[in-house]
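Shown below: model_31.txt, with compact mmCIF, C-alpha atoms.
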# COMPACT_ATOMS: atom_id res chain seq x y z
CA MET A 1408 -26.75 8.31 -9.45
CA LYS A 1409 -23.16 7.53 -10.36
CA ILE A 1410 -19.99 9.16 -9.02
CA ALA A 1411 -16.56 8.90 -10.63
CA PHE A 1412 -13.84 9.27 -8.01
CA THR A 1413 -10.31 10.19 -8.99
CA GLY A 1414 -7.02 10.97 -7.28
CA GLY A 1415 -3.75 9.23 -6.63
CA GLY A 1416 0.00 9.20 -6.29
CA THR A 1417 0.08 9.07 -2.49
CA ILE A 1418 -2.24 7.64 0.15
CA GLY A 1419 -3.26 11.22 0.97
CA HIS A 1420 -4.80 11.53 -2.50
CA VAL A 1421 -6.91 8.44 -1.85
CA ALA A 1422 -7.93 8.61 1.82
CA VAL A 1423 -10.96 10.92 1.49
CA ASN A 1424 -12.26 8.90 -1.46
CA MET A 1425 -11.97 5.75 0.67
CA ALA A 1426 -14.05 7.49 3.34
CA LEU A 1427 -16.76 8.53 0.87
CA ILE A 1428 -17.14 5.37 -1.22
CA PRO A 1429 -18.74 3.21 1.55
CA LYS A 1430 -21.24 6.01 2.29
CA ALA A 1431 -22.11 6.25 -1.41
CA GLU A 1432 -22.48 2.47 -1.75
CA ALA A 1433 -24.77 2.42 1.30
CA GLN A 1434 -27.06 4.83 -0.58
CA ARG A 1435 -26.93 2.62 -3.69
CA ILE A 1436 -24.93 5.22 -5.58
CA GLU A 1437 -22.78 3.52 -8.20
CA CYS A 1438 -19.08 4.31 -7.84
CA ILE A 1439 -16.24 4.04 -10.32
CA TYR A 1440 -12.61 5.04 -9.82
CA ILE A 1441 -10.22 6.59 -12.33
CA GLY A 1442 -6.59 6.41 -11.26
CA SER A 1443 -3.15 5.65 -12.58
CA LYS A 1444 -2.29 2.25 -14.03
CA ASN A 1445 0.13 1.20 -11.31
CA GLY A 1446 -0.20 3.70 -8.45
CA ILE A 1447 -0.96 3.16 -4.78
CA GLU A 1448 -4.59 4.06 -5.46
CA LYS A 1449 -5.04 0.99 -7.66
CA ASP A 1450 -3.90 -1.33 -4.86
CA GLU A 1451 -6.02 0.37 -2.21
CA ILE A 1452 -9.25 0.72 -4.20
CA THR A 1453 -9.28 -2.71 -5.85
CA LYS A 1454 -8.43 -4.42 -2.56
CA ARG A 1455 -10.94 -2.57 -0.38
CA PHE A 1456 -13.84 -2.04 -2.81
CA PRO A 1457 -14.39 -5.05 -5.08
CA ASN A 1458 -17.66 -3.60 -6.43
CA VAL A 1459 -15.99 -0.40 -7.67
CA LYS A 1460 -14.85 -0.56 -11.29
CA TYR A 1461 -11.29 0.71 -11.54
CA TYR A 1462 -9.98 2.39 -14.70
CA GLY A 1463 -6.25 3.05 -15.10
CA ILE A 1464 -5.31 5.96 -17.36
CA SER A 1465 -2.09 7.57 -18.57
CA SER A 1466 -0.76 10.36 -16.35
CA GLY A 1467 2.34 12.52 -16.41
CA LYS A 1468 4.13 14.18 -13.53
CA LEU A 1469 3.66 17.94 -13.25
CA ARG A 1470 6.98 19.53 -12.35
CA ARG A 1471 7.71 23.04 -11.13
CA TYR A 1472 11.26 22.89 -12.49
CA ILE A 1473 12.78 22.68 -15.96
CA SER A 1474 13.30 19.10 -17.11
CA ALA A 1475 13.41 17.23 -20.40
CA GLU A 1476 10.86 14.87 -18.88
CA ASN A 1477 8.28 17.69 -18.96
CA LEU A 1478 8.04 17.39 -22.73
CA LYS A 1479 7.33 13.65 -22.53
CA ASP A 1480 4.78 14.21 -19.81
CA ILE A 1481 2.82 16.72 -21.90
CA PHE A 1482 2.01 13.82 -24.21
CA LYS A 1483 1.18 11.57 -21.25
CA VAL A 1484 -1.31 14.14 -19.95
CA GLN A 1485 -2.86 14.47 -23.43
CA LYS A 1486 -3.16 10.69 -23.61
CA GLY A 1487 -4.67 10.77 -20.11
CA VAL A 1488 -7.36 13.21 -21.25
CA LEU A 1489 -8.25 10.87 -24.15
CA ASP A 1490 -8.29 7.88 -21.78
CA ALA A 1491 -10.51 9.77 -19.34
CA LEU A 1492 -12.87 10.89 -22.12
CA ARG A 1493 -13.37 7.26 -23.17
CA VAL A 1494 -14.13 6.19 -19.59
CA LEU A 1495 -16.49 9.09 -18.85
CA LYS A 1496 -18.36 8.67 -22.15
CA ARG A 1497 -18.80 4.96 -21.42
CA GLU A 1498 -19.78 5.30 -17.76
CA LYS A 1499 -21.69 8.62 -17.91
CA PRO A 1500 -21.24 9.61 -14.24
CA ASP A 1501 -23.32 12.42 -12.76
CA ILE A 1502 -20.40 13.77 -10.71
CA VAL A 1503 -16.62 13.63 -10.77
CA PHE A 1504 -15.06 13.96 -7.31
CA SER A 1505 -11.33 14.62 -7.44
CA LYS A 1506 -8.93 14.24 -4.53
CA GLY A 1507 -5.97 15.58 -6.49
CA GLY A 1508 -2.63 14.28 -7.65
CA PHE A 1509 -1.27 14.21 -11.19
CA VAL A 1510 -3.73 11.62 -12.45
CA ALA A 1511 -6.72 13.81 -11.54
CA VAL A 1512 -5.82 16.64 -13.93
CA PRO A 1513 -6.74 14.84 -17.20
CA VAL A 1514 -9.93 13.56 -15.56
CA THR A 1515 -11.11 17.04 -14.57
CA ILE A 1516 -10.26 18.37 -18.05
CA ALA A 1517 -12.23 15.55 -19.68
CA ALA A 1518 -15.17 16.11 -17.31
CA LYS A 1519 -15.27 19.79 -18.27
CA MET A 1520 -15.28 18.86 -21.95
CA LEU A 1521 -18.28 16.58 -21.33
CA ASN A 1522 -20.03 19.11 -19.05
CA ILE A 1523 -19.94 16.77 -16.03
CA LYS A 1524 -20.11 18.53 -12.66
CA THR A 1525 -16.71 18.30 -10.96
CA ILE A 1526 -15.80 18.87 -7.31
CA ILE A 1527 -12.20 19.01 -6.06
CA HIS A 1528 -10.98 18.43 -2.51
CA GLU A 1529 -7.69 19.96 -1.33
CA SER A 1530 -6.03 18.56 1.78
CA ASP A 1531 -3.17 21.00 2.33
CA VAL A 1532 -3.15 24.64 3.40
CA THR A 1533 -1.88 25.82 0.02
CA PRO A 1534 -3.22 24.08 -3.11
CA GLY A 1535 -0.84 21.76 -4.96
CA LEU A 1536 0.06 22.33 -8.60
CA ALA A 1537 -2.32 19.60 -9.82
CA ASN A 1538 -5.29 21.11 -8.00
CA LYS A 1539 -4.35 24.64 -9.10
CA LEU A 1540 -4.56 23.46 -12.71
CA ALA A 1541 -7.70 21.39 -12.13
CA LEU A 1542 -9.45 24.24 -10.30
CA LYS A 1543 -9.97 26.03 -13.62
CA PHE A 1544 -12.17 23.17 -14.81
CA ALA A 1545 -14.06 22.48 -11.56
CA ASN A 1546 -17.48 23.62 -10.36
CA ARG A 1547 -16.68 23.53 -6.62
CA PHE A 1548 -13.50 23.42 -4.53
CA TYR A 1549 -13.49 22.02 -0.97
CA THR A 1550 -10.75 22.75 1.56
CA THR A 1551 -9.54 20.88 4.63
CA PHE A 1552 -8.05 24.01 6.24
CA GLU A 1553 -10.06 27.20 6.62
CA GLU A 1554 -6.87 29.15 5.85
CA THR A 1555 -6.88 27.73 2.28
CA LEU A 1556 -9.82 29.99 1.39
CA LYS A 1557 -7.33 32.86 1.15
CA TYR A 1558 -5.66 31.19 -1.86
CA VAL A 1559 -8.65 30.12 -3.98
CA PRO A 1560 -11.70 31.78 -5.60
CA ARG A 1561 -14.03 32.31 -2.63
CA GLU A 1562 -17.19 32.19 -4.73
CA LYS A 1563 -16.75 28.52 -5.60
CA SER A 1564 -14.91 27.28 -2.51
CA ASP A 1565 -16.04 25.84 0.82
CA TYR A 1566 -14.24 24.83 4.02
CA VAL A 1567 -15.23 21.26 4.95
CA GLY A 1568 -12.47 20.20 7.37
CA GLY A 1569 -10.72 16.84 7.62
CA ILE A 1570 -12.70 13.80 6.46
CA ILE A 1571 -11.90 10.54 8.24
CA ARG A 1572 -12.69 6.93 7.32
CA ASP A 1573 -15.04 5.23 9.78
CA ASP A 1574 -12.89 2.08 9.91
CA LEU A 1575 -10.11 4.02 11.66
CA PHE A 1576 -12.27 3.94 14.79
CA SER A 1577 -12.77 0.17 14.69
CA GLY A 1578 -9.30 -0.76 15.93
CA ASP A 1579 -8.97 -3.58 18.42
CA VAL A 1580 -6.50 -3.27 21.29
CA LEU A 1581 -6.17 -7.03 21.71
CA LYS A 1582 -5.36 -7.48 18.01
CA ALA A 1583 -2.75 -4.73 18.23
CA TYR A 1584 -0.97 -6.50 21.09
CA GLN A 1585 -1.18 -9.81 19.22
CA ILE A 1586 0.33 -8.23 16.09
CA THR A 1587 3.18 -6.49 17.90
CA GLN A 1588 3.72 -8.91 20.80
CA PHE A 1589 4.00 -5.83 23.04
CA ASN A 1590 2.98 -5.77 26.69
CA ARG A 1591 0.48 -3.41 28.31
CA ASP A 1592 2.85 -2.00 30.91
CA LYS A 1593 4.85 0.29 28.65
CA LYS A 1594 3.83 3.24 26.45
CA VAL A 1595 3.88 2.93 22.65
CA LEU A 1596 5.60 5.31 20.27
CA MET A 1597 4.72 5.06 16.57
CA ILE A 1598 7.01 6.47 13.87
CA MET A 1599 5.98 6.83 10.24
CA GLY A 1600 7.64 8.71 7.41
CA GLY A 1601 4.89 8.62 4.79
CA SER A 1602 4.14 5.93 2.22
CA LEU A 1603 7.72 6.06 0.87
CA GLY A 1604 9.31 6.33 4.29
CA SER A 1605 12.02 8.76 5.38
CA LYS A 1606 15.67 7.73 5.54
CA ILE A 1607 16.62 10.56 7.88
CA ILE A 1608 13.79 9.82 10.35
CA ASN A 1609 14.54 6.10 10.19
CA GLN A 1610 18.23 6.71 10.88
CA VAL A 1611 17.66 8.99 13.87
CA VAL A 1612 15.25 6.43 15.37
CA ARG A 1613 17.70 3.57 14.83
CA ASP A 1614 20.60 5.61 16.27
CA ASN A 1615 18.57 6.16 19.45
CA LEU A 1616 16.73 2.87 19.61
CA ASP A 1617 18.27 1.62 22.85
CA ILE A 1618 17.51 4.92 24.63
CA LEU A 1619 13.92 5.04 23.33
CA LEU A 1620 13.24 1.40 24.21
CA LYS A 1621 14.00 2.08 27.88
CA LYS A 1622 10.73 4.01 28.13
CA TYR A 1623 8.69 3.06 25.05
CA GLN A 1624 7.70 0.18 22.85
CA ILE A 1625 8.11 1.26 19.23
CA ILE A 1626 6.07 0.70 16.09
CA HIS A 1627 8.30 1.80 13.22
CA LEU A 1628 6.78 2.06 9.73
CA VAL A 1629 9.91 2.56 7.65
CA GLY A 1630 8.55 2.80 4.09
CA ARG A 1631 8.92 0.46 1.16
CA GLY A 1632 12.39 -1.02 0.79
CA ASN A 1633 13.66 0.43 4.09
CA LEU A 1634 13.45 -2.58 6.43
CA ASP A 1635 16.56 -3.41 8.44
CA ILE A 1636 16.15 -7.08 9.29
CA SER A 1637 19.35 -7.02 11.35
CA ILE A 1638 17.46 -5.15 14.10
CA GLN A 1639 15.67 -7.65 16.33
CA LYS A 1640 14.82 -6.19 19.75
CA ASN A 1641 12.07 -6.73 22.30
CA GLY A 1642 9.48 -3.97 22.10
CA TYR A 1643 10.45 -2.98 18.55
CA TYR A 1644 7.96 -3.74 15.74
CA GLN A 1645 9.23 -2.82 12.29
CA ARG A 1646 7.21 -2.89 9.05
CA GLU A 1647 7.53 -1.27 5.65
CA PHE A 1648 3.89 -0.28 5.43
CA VAL A 1649 0.60 -1.38 6.97
CA SER A 1650 -2.94 -1.05 5.68
CA GLU A 1651 -5.73 -2.96 7.42
CA GLU A 1652 -3.61 -3.44 10.55
CA LEU A 1653 -3.11 0.31 11.00
CA MET A 1654 -6.44 0.89 12.76
CA HIS A 1655 -5.43 -1.64 15.42
CA LEU A 1656 -1.93 -0.19 15.86
CA TYR A 1657 -3.36 3.31 16.28
CA LYS A 1658 -5.41 1.99 19.18
CA ILE A 1659 -2.34 1.38 21.38
CA THR A 1660 -0.28 4.39 20.22
CA ASP A 1661 0.45 7.03 22.87
CA ILE A 1662 2.63 9.41 20.83
CA MET A 1663 3.00 9.71 17.05
CA ILE A 1664 6.14 10.88 15.22
CA SER A 1665 5.22 11.59 11.62
CA ARG A 1666 5.57 13.64 8.49
CA ALA A 1667 2.87 16.32 8.17
CA GLY A 1668 0.61 15.23 5.33
CA SER A 1669 -2.84 16.63 6.00
CA ASN A 1670 -4.86 13.40 5.90
CA ALA A 1671 -2.57 11.73 8.41
CA LEU A 1672 -2.73 14.74 10.73
CA TYR A 1673 -6.51 14.68 10.80
CA GLU A 1674 -6.48 10.95 11.49
CA PHE A 1675 -4.22 11.50 14.51
CA LEU A 1676 -6.44 14.37 15.64
CA ALA A 1677 -9.62 12.31 15.31
CA LEU A 1678 -8.00 9.51 17.32
CA LYS A 1679 -6.63 12.00 19.89
CA ILE A 1680 -2.98 10.93 19.49
CA PRO A 1681 -0.50 13.69 20.48
CA MET A 1682 2.08 14.15 17.76
CA ILE A 1683 5.58 15.26 16.87
CA LEU A 1684 5.63 16.45 13.26
CA ILE A 1685 8.71 16.45 11.04
CA PRO A 1686 7.48 18.11 7.81
CA LEU A 1687 9.15 17.66 4.46
CA GLY A 1688 11.53 20.55 3.86
CA LEU A 1689 11.59 23.01 0.98
CA ASP A 1690 14.36 20.98 -0.64
CA GLN A 1691 11.87 18.11 -1.12
CA SER A 1692 8.50 19.85 -1.46
CA ARG A 1693 6.69 23.13 -2.05
CA GLY A 1694 6.39 23.64 1.71
CA ASP A 1695 2.83 22.37 2.15
CA GLN A 1696 3.74 20.12 5.08
CA ILE A 1697 5.51 22.99 6.83
CA GLU A 1698 2.28 25.02 6.66
CA ASN A 1699 0.17 22.06 7.83
CA ALA A 1700 2.48 21.46 10.80
CA LYS A 1701 2.53 25.14 11.73
CA ILE A 1702 -1.26 25.23 12.02
CA PHE A 1703 -1.43 22.04 14.09
CA LYS A 1704 1.22 23.40 16.45
CA SER A 1705 -0.62 26.73 16.78
CA LYS A 1706 -3.74 24.84 17.84
CA GLY A 1707 -1.79 22.94 20.48
CA PHE A 1708 -2.12 19.48 18.91
CA ALA A 1709 1.55 18.91 18.08
CA GLU A 1710 5.19 19.80 18.53
CA VAL A 1711 7.16 20.49 15.35
CA LEU A 1712 10.74 19.45 14.65
CA HIS A 1713 12.09 20.59 11.31
CA GLU A 1714 14.28 18.16 9.40
CA SER A 1715 17.24 20.54 9.58
CA GLU A 1716 16.99 20.34 13.40
CA LEU A 1717 16.61 16.57 13.54
CA ASN A 1718 19.26 14.95 15.69
CA SER A 1719 19.50 12.61 18.66
CA GLN A 1720 19.23 15.28 21.35
CA ASN A 1721 16.34 17.18 19.73
CA ILE A 1722 14.22 14.09 19.15
CA ILE A 1723 14.59 13.05 22.81
CA ASN A 1724 13.89 16.59 24.05
CA THR A 1725 10.79 16.93 21.88
CA ILE A 1726 9.36 13.61 23.06
CA GLU A 1727 9.89 14.77 26.66
CA LYS A 1728 8.12 18.06 25.86
CA VAL A 1729 5.08 16.19 24.55
CA GLU A 1730 5.08 14.03 27.68
CA GLU A 1731 5.15 17.14 29.92
CA ASN A 1732 2.15 18.67 28.09
CA TYR A 1733 0.34 15.42 27.35
CA SER A 1734 -2.92 16.14 29.22
CA GLU A 1735 -3.16 19.66 27.80
CA ILE A 1736 -2.65 18.39 24.23
CA LYS A 1737 -5.31 15.71 24.67
CA ASN A 1738 -7.79 18.26 26.10
CA LYS A 1739 -7.29 20.58 23.13
CA MET A 1740 -7.85 17.68 20.73
CA HIS A 1741 -11.08 16.71 22.48
CA ALA A 1742 -12.32 20.31 22.21
CA GLU A 1743 -11.81 20.49 18.42
CA GLN A 1744 -15.11 20.56 16.52
CA VAL A 1745 -15.76 18.32 13.51
CA THR A 1746 -16.92 20.27 10.44
CA TYR A 1747 -18.20 17.53 8.13
CA THR A 1748 -18.32 13.76 8.44
CA ALA A 1749 -17.96 11.53 5.36
CA GLU A 1750 -21.75 11.10 5.40
CA THR A 1751 -22.58 14.81 5.54
CA LEU A 1752 -19.87 15.61 2.98
CA LEU A 1753 -21.45 13.15 0.56
CA GLU A 1754 -24.79 14.94 1.02
CA LYS A 1755 -23.06 18.24 0.26
CA ILE A 1756 -21.39 16.82 -2.86
CA ILE A 1757 -24.76 15.62 -4.19
CA PHE A 1758 -26.41 18.96 -3.37
CA ASP A 1759 -23.62 21.07 -4.92
CA ALA A 1760 -23.63 18.98 -8.09
CA LYS A 1761 -27.30 19.63 -8.82

Since I need it in another form, could you write the structure as C-alpha cells?
Amino acid sequence: MKIAFTGGGTIGHVAVNMALIPKAEAQRIECIYIGSKNGIEKDEITKRFPNVKYYGISSGKLRRYISAENLKDIFKVQKGVLDALRVLKREKPDIVFSKGGFVAVPVTIAAKMLNIKTIIHESDVTPGLANKLALKFANRFYTTFEETLKYVPREKSDYVGGIIRDDLFSGDVLKAYQITQFNRDKKVLMIMGGSLGSKIINQVVRDNLDILLKKYQIIHLVGRGNLDISIQKNGYYQREFVSEELMHLYKITDIMISRAGSNALYEFLALKIPMILIPLGLDQSRGDQIENAKIFKSKGFAEVLHESELNSQNIINTIEKVEENYSEIKNKMHAEQVTYTAETLLEKIIFDAK
C-alpha cells in the first residue's frame, strides 16, 4: 500500500500527517508527501522523514476578499492540479490523506480526476475555505471537534478527535533544564504566538517581563524575525521557533499562553498543561480560533483572553485565575477521553479507503 499525504502552510496543517507517517512506515506502507515548494511542511517533512519522497507543487492562496492577486492565483491552482496529476500518475498511491491548507486543494482535485480515494482531516470547529472546496472531491471527511459535524455532510463525515504525535510524550526534563538553564525551584510559563509569532502578545509579555519573572521562569517563542536580543534576563529563554526541542520544553511547562490553533490545543490537553488562549481576532482570521478557544474554555481546560482585551492588568489577572483553579483544570484534563490515536486512525483510514 502507498499513501500520499498532503497539507501545508502552517504547522497545524502538517502535525497530524507527522503523527501518521511513522505508524504507516512501521506497517511498511510507502509514504509520499505533496506540499508547497517552499512552505513549512517541506522543512518539517524532509528533516523528520528522510525516507518519504517529497514533491513540491504550485499552489495559490485562496482569499475570501476581492484582490487582483486572486486572478494570478487561479492560474497557480490550475498549475498545481497539473503538477499533482503528474505526481499521482507517477506514484500511483492507493489513498490521498489531506490535512488541508491551500496546497491540498489541487491535490484533492487531481486525486478525484484519477479516481484515487481521498480522506480529508479538519482541525478547527468550522471548516476552512480550502477544506470546504476540497470536501466536494473527497470520499471521507474527519473532524477534530464533534461540533464540526453540524457544518459538513453527515453521511461522509466522522468525528475522530485530536491526533497527537507520539514523540511529544518523549520529552526529557533534564534536557529542558539544560537547554533553558532554568532552576527547578520556580514555575515555568511558556508563551507562543503561532509559527509566525504575535507582535501584540510579544509586546505585552515584554512590557510585563519584570513582574512575571518574580514568580515564573519564561519560555518565550516569539516567531520568526521577532527576537529582541537586547533582552538578557535570568529565567527568560527566548527563541524564534523550536522543533525537536519543543517536547523537552513542554515537560517543564506549568502554564501555557498561546494562540488557539486546534493542533496546539490538543497537544496541551494531551500533556495536561493548563492554558490561557488568545485567539486570532476576526480582523485577522475567519474566527476559527475563537470557536476553538470557546469550546476548550467550556470544557474547563483553559481561560480565554481576547486580543481586544489584552493588556498588562488582564494578562496578570488571567494568570492568577489559572493558578487559583489549577488543580480543577488538571483534573478535567485527566478525565478527557481520547477518541482515536494515530495508530487507530491509520487503521480507520485504510478501512475507509477500501

What's around Gly1707 in chain A at 12 Å? Count only C-alpha atoms, leave out sequence neighbours fewer than 6 positions away in its own chain, and write the answer as a PyMOL selection string. chain A and resi 1676+1679+1681-1683+1700-1701+1729+1732-1743

Please, which residues are within 12 Å of (7.9, 20.7, 3.4) by the file's coordinates, counting only C-alpha atoms, and could they come as a compact mmCIF listing (two decimals) with C-alpha atoms, keeping the file's coordinate frame?
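Saved file part-v2.txt follows:
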# COMPACT_ATOMS: atom_id res chain seq x y z
CA ASP A 1531 -3.17 21.00 2.33
CA VAL A 1532 -3.15 24.64 3.40
CA THR A 1533 -1.88 25.82 0.02
CA ARG A 1666 5.57 13.64 8.49
CA ALA A 1667 2.87 16.32 8.17
CA GLY A 1668 0.61 15.23 5.33
CA SER A 1669 -2.84 16.63 6.00
CA LEU A 1684 5.63 16.45 13.26
CA ILE A 1685 8.71 16.45 11.04
CA PRO A 1686 7.48 18.11 7.81
CA LEU A 1687 9.15 17.66 4.46
CA GLY A 1688 11.53 20.55 3.86
CA LEU A 1689 11.59 23.01 0.98
CA ASP A 1690 14.36 20.98 -0.64
CA GLN A 1691 11.87 18.11 -1.12
CA SER A 1692 8.50 19.85 -1.46
CA ARG A 1693 6.69 23.13 -2.05
CA GLY A 1694 6.39 23.64 1.71
CA ASP A 1695 2.83 22.37 2.15
CA GLN A 1696 3.74 20.12 5.08
CA ILE A 1697 5.51 22.99 6.83
CA GLU A 1698 2.28 25.02 6.66
CA ASN A 1699 0.17 22.06 7.83
CA ALA A 1700 2.48 21.46 10.80
CA LYS A 1701 2.53 25.14 11.73
CA VAL A 1711 7.16 20.49 15.35
CA LEU A 1712 10.74 19.45 14.65
CA HIS A 1713 12.09 20.59 11.31
CA GLU A 1714 14.28 18.16 9.40
CA SER A 1715 17.24 20.54 9.58

Computed gap from CA of Val1512 in chain A to CA of Gly1568 in chain A is 22.6 Å

Would you list the contacts of Ala1583 in chain A as number ranges by chain, taking every protein, DNA or RNA residue within 10 Å and counting all atoms listed in the file, but skipping same-chain residues closer than 4 positions in sequence? A: 1578-1579, 1587-1589, 1652-1660

Serialized selection, C-alpha atoms, as a compact mmCIF listing (two decimals), in the frame of the given file:
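Produced file selection-v9.txt, reproduced below:
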# COMPACT_ATOMS: atom_id res chain seq x y z
CA GLY A 1578 -9.30 -0.76 15.93
CA ASP A 1579 -8.97 -3.58 18.42
CA THR A 1587 3.18 -6.49 17.90
CA GLN A 1588 3.72 -8.91 20.80
CA PHE A 1589 4.00 -5.83 23.04
CA GLU A 1652 -3.61 -3.44 10.55
CA LEU A 1653 -3.11 0.31 11.00
CA MET A 1654 -6.44 0.89 12.76
CA HIS A 1655 -5.43 -1.64 15.42
CA LEU A 1656 -1.93 -0.19 15.86
CA TYR A 1657 -3.36 3.31 16.28
CA LYS A 1658 -5.41 1.99 19.18
CA ILE A 1659 -2.34 1.38 21.38
CA THR A 1660 -0.28 4.39 20.22

Set the distance at 8 Å and use all atoms listed in the file: which residues neighbour range 1540-1548 of chain A once local chain neighbours fewer than 6 positions away are removed? I'd like the list as an mmCIF file with C-alpha atoms, in the frame of the given file.
data_model
loop_
_atom_site.group_PDB
_atom_site.id
_atom_site.type_symbol
_atom_site.label_atom_id
_atom_site.label_comp_id
_atom_site.auth_asym_id
_atom_site.auth_seq_id
_atom_site.Cartn_x
_atom_site.Cartn_y
_atom_site.Cartn_z
ATOM 1 C CA ALA A 1511 -6.720 13.810 -11.540
ATOM 2 C CA VAL A 1512 -5.820 16.640 -13.930
ATOM 3 C CA THR A 1515 -11.110 17.040 -14.570
ATOM 4 C CA ILE A 1516 -10.260 18.370 -18.050
ATOM 5 C CA LYS A 1519 -15.270 19.790 -18.270
ATOM 6 C CA LYS A 1524 -20.110 18.530 -12.660
ATOM 7 C CA THR A 1525 -16.710 18.300 -10.960
ATOM 8 C CA ILE A 1526 -15.800 18.870 -7.310
ATOM 9 C CA ILE A 1527 -12.200 19.010 -6.060
ATOM 10 C CA HIS A 1528 -10.980 18.430 -2.510
ATOM 11 C CA GLU A 1529 -7.690 19.960 -1.330
ATOM 12 C CA LYS A 1563 -16.750 28.520 -5.600
ATOM 13 C CA SER A 1564 -14.910 27.280 -2.510
ATOM 14 C CA ASP A 1565 -16.040 25.840 0.820
ATOM 15 C CA ASP A 1759 -23.620 21.070 -4.920
#

What's around range 1485-1489 of chain A at 7 Å? Count all atoms listed in the file, leave out sequence neighbours fewer than 4 positions away in its own chain, and write the answer as a VMD selection string. chain A and resid 1464 to 1466 1481 1493 1513 to 1514 1516 to 1517

Pick from A:Ile1571, A:Ile1428, A:Met1520, A:Leu1616 nearest to Ile1598 in chain A, counting only C-alpha atoms: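 Of the candidates, the smallest distance to Ile1598 in chain A is held by A:Leu1616.
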
How many Å lie between CA of Val1629 in chain A and CA of Val1510 in chain A, rounded to one decimal?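 So the two atoms, CA of Val1629 in chain A and CA of Val1510 in chain A, lie 25.9 Å apart.
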
Tell me, counting all atoms listed in the file, for each residue of range 1550-1636 of chain A within 8 Å of range 1719-1724 of chain A, which pair of atoms is nearest and how far apart they are in Å to one decimal, in rows ordered by chain and increasing number, as a Markdown table.
| residue | atom | partner | partner_atom | distance |
| --- | --- | --- | --- | --- |
| A:Val1611 | CA | A:Ser1719 | CA | 6.3 |
| A:Asp1614 | CA | A:Ser1719 | CA | 7.5 |
| A:Asn1615 | CA | A:Ser1719 | CA | 6.6 |

Rounded to one decimal place, report the CA of Asn1670 in chain A-CA of Lys1506 in chain A distance in Å.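 Interatomic distance, CA of Asn1670 in chain A to CA of Lys1506 in chain A: 11.2 Å.
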
Point out the residue among A:Glu1674, A:Glu1731, A:Glu1448, A:Asp1635 with the least atom-to-atom distance to Phe1576 in chain A, counting all atoms listed in the file.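 For Phe1576 in chain A, the nearest of the given residues is A:Glu1674.
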
Give me range 1634-1645 of chain A from this structure - N, CA, C and O atoms, as a PDB file, in the first residue's frame.
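Okay, this is what ended up in selection.pdb:
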ATOM      1  N   LEU A1634      12.854  38.137  17.414  1.00  0.00           N
ATOM      2  CA  LEU A1634      13.753  38.121  18.568  1.00  0.00           C
ATOM      3  C   LEU A1634      14.140  39.540  18.973  1.00  0.00           C
ATOM      4  O   LEU A1634      14.314  40.404  18.118  1.00  0.00           O
ATOM      5  N   ASP A1635      14.271  39.746  20.271  1.00  0.00           N
ATOM      6  CA  ASP A1635      14.808  41.013  20.778  1.00  0.00           C
ATOM      7  C   ASP A1635      16.060  40.673  21.591  1.00  0.00           C
ATOM      8  O   ASP A1635      15.975  40.341  22.774  1.00  0.00           O
ATOM      9  N   ILE A1636      17.210  40.735  20.929  1.00  0.00           N
ATOM     10  CA  ILE A1636      18.449  40.291  21.573  1.00  0.00           C
ATOM     11  C   ILE A1636      18.915  41.243  22.667  1.00  0.00           C
ATOM     12  O   ILE A1636      19.827  40.942  23.424  1.00  0.00           O
ATOM     13  N   SER A1637      18.252  42.406  22.784  1.00  0.00           N
ATOM     14  CA  SER A1637      18.621  43.333  23.851  1.00  0.00           C
ATOM     15  C   SER A1637      18.117  42.851  25.216  1.00  0.00           C
ATOM     16  O   SER A1637      18.565  43.338  26.255  1.00  0.00           O
ATOM     17  N   ILE A1638      17.184  41.895  25.210  1.00  0.00           N
ATOM     18  CA  ILE A1638      16.631  41.391  26.473  1.00  0.00           C
ATOM     19  C   ILE A1638      17.444  40.181  26.924  1.00  0.00           C
ATOM     20  O   ILE A1638      17.409  39.122  26.292  1.00  0.00           O
ATOM     21  N   GLN A1639      18.200  40.350  27.968  1.00  0.00           N
ATOM     22  CA  GLN A1639      19.003  39.271  28.555  1.00  0.00           C
ATOM     23  C   GLN A1639      18.734  39.254  30.053  1.00  0.00           C
ATOM     24  O   GLN A1639      19.260  40.068  30.796  1.00  0.00           O
ATOM     25  N   LYS A1640      17.863  38.351  30.500  1.00  0.00           N
ATOM     26  CA  LYS A1640      17.499  38.287  31.913  1.00  0.00           C
ATOM     27  C   LYS A1640      17.537  36.849  32.404  1.00  0.00           C
ATOM     28  O   LYS A1640      17.209  35.925  31.645  1.00  0.00           O
ATOM     29  N   ASN A1641      17.895  36.660  33.653  1.00  0.00           N
ATOM     30  CA  ASN A1641      17.858  35.334  34.258  1.00  0.00           C
ATOM     31  C   ASN A1641      16.418  34.819  34.288  1.00  0.00           C
ATOM     32  O   ASN A1641      15.500  35.554  34.649  1.00  0.00           O
ATOM     33  N   GLY A1642      16.257  33.566  33.894  1.00  0.00           N
ATOM     34  CA  GLY A1642      14.919  32.968  33.909  1.00  0.00           C
ATOM     35  C   GLY A1642      14.092  33.285  32.687  1.00  0.00           C
ATOM     36  O   GLY A1642      12.901  32.967  32.642  1.00  0.00           O
ATOM     37  N   TYR A1643      14.711  33.906  31.673  1.00  0.00           N
ATOM     38  CA  TYR A1643      13.986  34.244  30.444  1.00  0.00           C
ATOM     39  C   TYR A1643      14.698  33.595  29.262  1.00  0.00           C
ATOM     40  O   TYR A1643      15.841  33.920  28.951  1.00  0.00           O
ATOM     41  N   TYR A1644      14.006  32.652  28.602  1.00  0.00           N
ATOM     42  CA  TYR A1644      14.563  31.920  27.460  1.00  0.00           C
ATOM     43  C   TYR A1644      13.753  32.292  26.223  1.00  0.00           C
ATOM     44  O   TYR A1644      12.558  32.011  26.135  1.00  0.00           O
ATOM     45  N   GLN A1645      14.392  32.932  25.286  1.00  0.00           N
ATOM     46  CA  GLN A1645      13.724  33.491  24.111  1.00  0.00           C
ATOM     47  C   GLN A1645      14.220  32.801  22.844  1.00  0.00           C
ATOM     48  O   GLN A1645      15.418  32.701  22.611  1.00  0.00           O
TER      49      GLN A1645
END
